[in-house]
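Notes follow the structure.
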Amino acid sequence: MKDQPESYETADGRTIGPVVMEMKNITLRFGGVEAIKDISFDIREGEIRAIIGPNGAGKSSMLNVISGFYVPQEGEVWYKGARRPQMKPFQVAQQGIARTFQNIALFEGMSVLDNVMTGRLTHMQTGLFWQSLWKGRAEREEVENREVAEKIIDFLEIQAIRKTPVSRLSYGLKKRVELARALAAEPSILLLDEPMAGMNVEEKEDMSRFILDVNDEFGTTIALIEHDMGVVMDLSDRVVVMDYGKKIGDGTPHEVRNNQEVIDAYLGVAHD
Amino acid sequence: MTLIQAPSGQPQSVPALLRRNAVMFGDAPAYREKEYGIWQSWSWSQTLDEVEALALGFMDLEINEGDFVAIIGRNRPYLYWAMMAAEMCGAVPVPLYQDANAEEMAYVMNHCGARFAIVGDQEQVDKIIEVKDELPEFQYMIYLDPRGLRKYDHSHLEQYETVQERGRANRDKHLDEMKAREAKLNYDSTGVMLYTSGTTGKPKGVVLSNRNIIETAKSSSEFDHLRQTDDILAYLPMAWVGDFIFSVGQALWTGFCTNCPESADTMHVDLREIGPTYYFAPPRVFETQLTNVMIRMEDASRFKKWLFDRFMALARRVGPDILDGKQVSQWDRFKYNLGELFIYGPLKNTLGFSRVRVGYTAGEAIGPEIFDFYRSLGINLKQLYGQTEATVFITAQPDGEVRSDTVGVKCPGVELKIAENGEVFYRSPGVFVEYYKNPESTRDTKDAEGWVATGDAGFIEEGSGHLRIIDRAKDVGKMADGSLFAPKYVENKLKFYPNILEAVVFGNGRAECTAFINIDLTAVGNWAERNNIGYASYQELARHPQVMGQIQDHVEAVNRSVAEDEMLSGCQIHRFVVLHKELDADDGELTRTRKVRRKIIGEKYADIIAALYDGSQNVSTETEVTYEDGRKGSIKATLEVREAKVFADTRKMAAE
């Protein structure tokens, strides 16, 4: 991996840029439990990077480290060429990292549009004073941000549920709304925590399509956690495989698929 | 046969009408489309500007006079403009059904030898690329939505906007040539070519001249007193002649505004927001809406339900009379107004029909209950009868003379005659020029004097002059005993039951009639839920004994009503099966406009038909199905053959 060029082109014509984020020897402990053990990997600009592993492998913990929610006991996170100091999650968001959640964290009582608008929060300047006046700066800002939100609604084809309260939507649609909210922040890195969990085949296909389209249209770097192997292998450019908090594989889907350690972790060790 | 010429000074082509409107109604809205949650609007003068830019772009792409330009996508102003722009360059627009598969599309594009295609999105681009090798004449594709297309090879592919930019940049270079071509257009030049959906065989390209388009638009607009301030919602397929005449022909003639919904899913919300004053929908749409209203009323509180039922009963009794301006007692009128305030008004608002002044339905027979429901609410819903070859209008119901069992009186300028075998013939300024590259079919359909065979059997009612259609002429046959066999007449009666989505009746040349029935999943599914009946699939629900029982009741009720008709009492259904799958256009069983293709169904389900006549109780069958993405699969099922009670002709009994 180390000797790869600054940027290269993939088979389907996308340009993968230089390393944008790097995990260096991350170790995360919860009391006596070591959730992540000395893991290092990097994420390149414009790529779809998957983190996979069996249940309890430490995937979600890893994502939480990237998003700044967990602070590792050891190791460093480098972002855009600088070491990232300890941060609050909202500061990470301001740096251009957005995420979705495994068990949907939307505002159930609010409409889809309002939920997507909350994703624009980091782009709004006006304070409580102007917003309560409504006219003038706050109004202009709302209009601008609404336009961005509407483009994302259009992109993800959820126009028909724009005004529908989130609580009335199906699971698959809620996942899509969450993606819309994350996209509304116009992130440079998008973290997806099990975007396909609990979906049927058709919903999975739709979601895969949208993830590819997002990456393609906006050039967004995507890091995703998933345990549906099929989906991951089709979507991602490079895959990190974790098992019991350790990294057991890293490389292209093809390399990972033929890695004996990965096969053992996923399928169990073969018996003759 | 003499052809009507345009009065001098009147615009003689579609582009000329557009130029007239840009002057006459310059600032009035011409097109609206909801995008990014907001209704975007273009005035007539802006529309002319956009169309001209695109036409100049076409010129820059070296479009020739007489070239065919395929237009494929959902209803969007940009695609309507593309049609006008093509005409401006002397080319011929050919709108195609956007849900057609690549194979069907290849046939049509090959048949007309289209050189250009203007398409909506990646889906359509992919389809054409898939069949490009079969299209030797095809050269260039222009798309609207760039999503997912950035990495495609752009040597023969370009975005709509850049074509317009190109047109604007090279305006001086091409303007004279374009204007010269436009000036050549007259009543005789081709305005559009539309492919018929093809109930039988391959689709045929119907060539319509500017005369057809403009004369039809003119007379029909006058017939219904359409106004420049009217609004319509364009949501039906662009390839269908009706959409072309409403959204291009009449829109240009009267200068009203065409509104395009945001997407197919948001149609109902958009309908409510726009509140069209002139509205068209096939019976199926009205049926679905009524079913939805009724289902939702079932869930309403008891008081609301009581209020609704009471006022609807009143509306059914006096509503149509009030609409027709007949005598109604003051007290009923007062109650009806009260109902308007509490029930009808809000209901019409929910349906998006608050402002409808003229509403039409056509294409299929509409159930009397459905028809009366809308009319009783005070919606001026009428029926018309037409076809692509007539540029839509043959007959229509004038205000005040509306009934559910006729299709109205002949439209202005139309002549009608009924042949000996009952087939309806017409002659009008809207009669098509020819079937493209198919002189044989043209001769079969249109005789030297300009009379066109509709293919429908019917008769003109004495006294009122209204036309009544019985069935497709070629479907009308004889039973073994020589009595008349009219399958569609019986099928329509069956389809009026909300539980029955589709029916196919057999019996030509046989002693007894039998039928295939498709249940309506929405209606029956709702009933099942209400009665706590579990089901896992369409198939399982379709063969549930209680569902079968209900269908049997419907079939017997239809038999009783068919028995009352002297001419058709032989068409009662003796046996039927409820099919295990929905008849589908993707499997070739229906046309894209959802008409039954009898021959294909007859061949595909020959085993089931055999079982209907050989006295078996059950039949096992396996059917191939095509999924939306083109993959194939198969469904296995055992169907139960049910006997239905038949009735003697009551009147004949009395006479004997």
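Identifiers in this document derive from the order of the structure tokens: chains are assigned A, B, ..., residues are numbered from 1 separately in each chain, and ligands are numbered from 1 in order of occurrence.
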
How close does each residue of chain A get to chain B, giving the shortest atom pair and distance in Å to one decimal for every residue with an atom at most 8 Å away, counting only C-alpha atoms, sorted by chain and residue number, as a tab-separated table?
residue	atom	partner	partner_atom	distance
A:Gly13	CA	B:Lys151	CA	7.0
A:Glu147	CA	B:Tyr36	CA	7.0
A:Glu150	CA	B:Tyr36	CA	4.9
A:Lys151	CA	B:Tyr36	CA	5.9
A:Ile153	CA	B:Tyr36	CA	7.7
A:Asp154	CA	B:Tyr36	CA	6.5
A:Gln159	CA	B:Thr266	CA	7.0
A:Ala160	CA	B:Thr266	CA	4.8
A:Asp213	CA	B:Gly148	CA	6.5
A:Asp216	CA	B:Gly148	CA	7.4
A:Glu217	CA	B:Arg147	CA	7.2

Inset, instruction - Write out as a PyMOL selection string all residues of stretch 16-82 of chain B that DSSP puts in helix (DSSP H, G or I) for this structure's backbone. - result: chain B and resi 16-24+44-60+77-82

Inset, instruction - Determine the nearest neighbour of B:Lys218 from the options B:Met84, B:Ile469, B:Val646, B:Ala251, counting only C-alpha atoms. - result: B:Ala251

Which polymer residues have any atom within 10 Å of an atom of stretch 628-634 of chain B, counting only C-alpha atoms, with same-chain residues fewer than 2 positions away left out, as an mmCIF file with N, CA and C atoms, in the first residue's frame?
data_model
loop_
_atom_site.group_PDB
_atom_site.id
_atom_site.type_symbol
_atom_site.label_atom_id
_atom_site.label_comp_id
_atom_site.auth_asym_id
_atom_site.auth_seq_id
_atom_site.Cartn_x
_atom_site.Cartn_y
_atom_site.Cartn_z
ATOM 1 N N ASP B 99 -41.719 3.617 -20.843
ATOM 2 C CA ASP B 99 -41.578 2.345 -20.147
ATOM 3 C C ASP B 99 -41.424 1.173 -21.116
ATOM 4 N N ASN B 101 -39.527 -1.491 -23.347
ATOM 5 C CA ASN B 101 -38.200 -2.075 -23.145
ATOM 6 C C ASN B 101 -37.338 -1.829 -24.381
ATOM 7 N N ALA B 102 -36.052 -2.141 -24.267
ATOM 8 C CA ALA B 102 -35.090 -1.801 -25.313
ATOM 9 C C ALA B 102 -35.505 -2.398 -26.660
ATOM 10 N N ASP B 586 -45.619 -6.088 -19.408
ATOM 11 C CA ASP B 586 -44.250 -6.598 -19.544
ATOM 12 C C ASP B 586 -44.231 -8.023 -20.098
ATOM 13 N N ASP B 587 -45.322 -8.772 -19.853
ATOM 14 C CA ASP B 587 -45.405 -10.129 -20.384
ATOM 15 C C ASP B 587 -46.116 -10.160 -21.728
ATOM 16 N N GLU B 622 -48.092 -23.694 -15.533
ATOM 17 C CA GLU B 622 -46.849 -22.977 -15.236
ATOM 18 C C GLU B 622 -46.750 -21.826 -16.229
ATOM 19 N N THR B 623 -46.498 -20.632 -15.707
ATOM 20 C CA THR B 623 -46.491 -19.454 -16.568
ATOM 21 C C THR B 623 -45.176 -18.720 -16.452
ATOM 22 N N GLU B 624 -44.660 -18.288 -17.601
ATOM 23 C CA GLU B 624 -43.428 -17.494 -17.575
ATOM 24 C C GLU B 624 -43.780 -16.035 -17.271
ATOM 25 N N VAL B 625 -42.996 -15.410 -16.412
ATOM 26 C CA VAL B 625 -43.219 -13.992 -16.137
ATOM 27 C C VAL B 625 -41.934 -13.223 -16.394
ATOM 28 N N THR B 626 -42.083 -11.966 -16.783
ATOM 29 C CA THR B 626 -40.931 -11.097 -17.012
ATOM 30 C C THR B 626 -40.933 -10.035 -15.927
ATOM 31 N N LYS B 636 -45.810 -21.374 -10.839
ATOM 32 C CA LYS B 636 -46.604 -22.598 -10.958
ATOM 33 C C LYS B 636 -47.838 -22.448 -10.099
#

Legend entry - Non-local contacts of B:Val92 (7 Å; only C-alpha atoms; under 3 positions in same chain excluded) as a PyMOL selection string: chain B and resi 66-69+86-87+190-193

Inset, instruction - Enumerate, as number ranges by chain, the complete set of residues in stretch 392-629 of chain B that a backbone-based DSSP assignment places in strand (DSSP E). - result: B: 392-396, 409-410, 415-418, 423-427, 434-435, 452-460, 467-472, 477-478, 484-485, 500-506, 513-519, 573-578, 618-626

Legend entry - Distance in Å - atom CA of B:Met88 versus atom CA of B:Asp145: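 Atom-to-atom, atom CA of B:Met88 and atom CA of B:Asp145 are spaced 23.6 Å apart.
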
Got a sec: who's within 6 Å of stretch 612-619 of chain B, counting only C-alpha atoms, leaving out chain neighbours fewer than 3 positions off, as a short mmCIF file (atom, residue, chain, number, x, y, z; two decimals) with C-alpha atoms, in the first residue's frame?
data_model
loop_
_atom_site.label_atom_id
_atom_site.label_comp_id
_atom_site.auth_asym_id
_atom_site.auth_seq_id
_atom_site.Cartn_x
_atom_site.Cartn_y
_atom_site.Cartn_z
CA ILE B 609 -58.84 -22.44 -21.60
CA THR B 638 -53.20 -25.09 -9.56
CA LEU B 639 -56.35 -23.19 -10.43
CA GLU B 640 -59.88 -24.10 -9.51
CA VAL B 641 -62.49 -24.03 -12.27
#
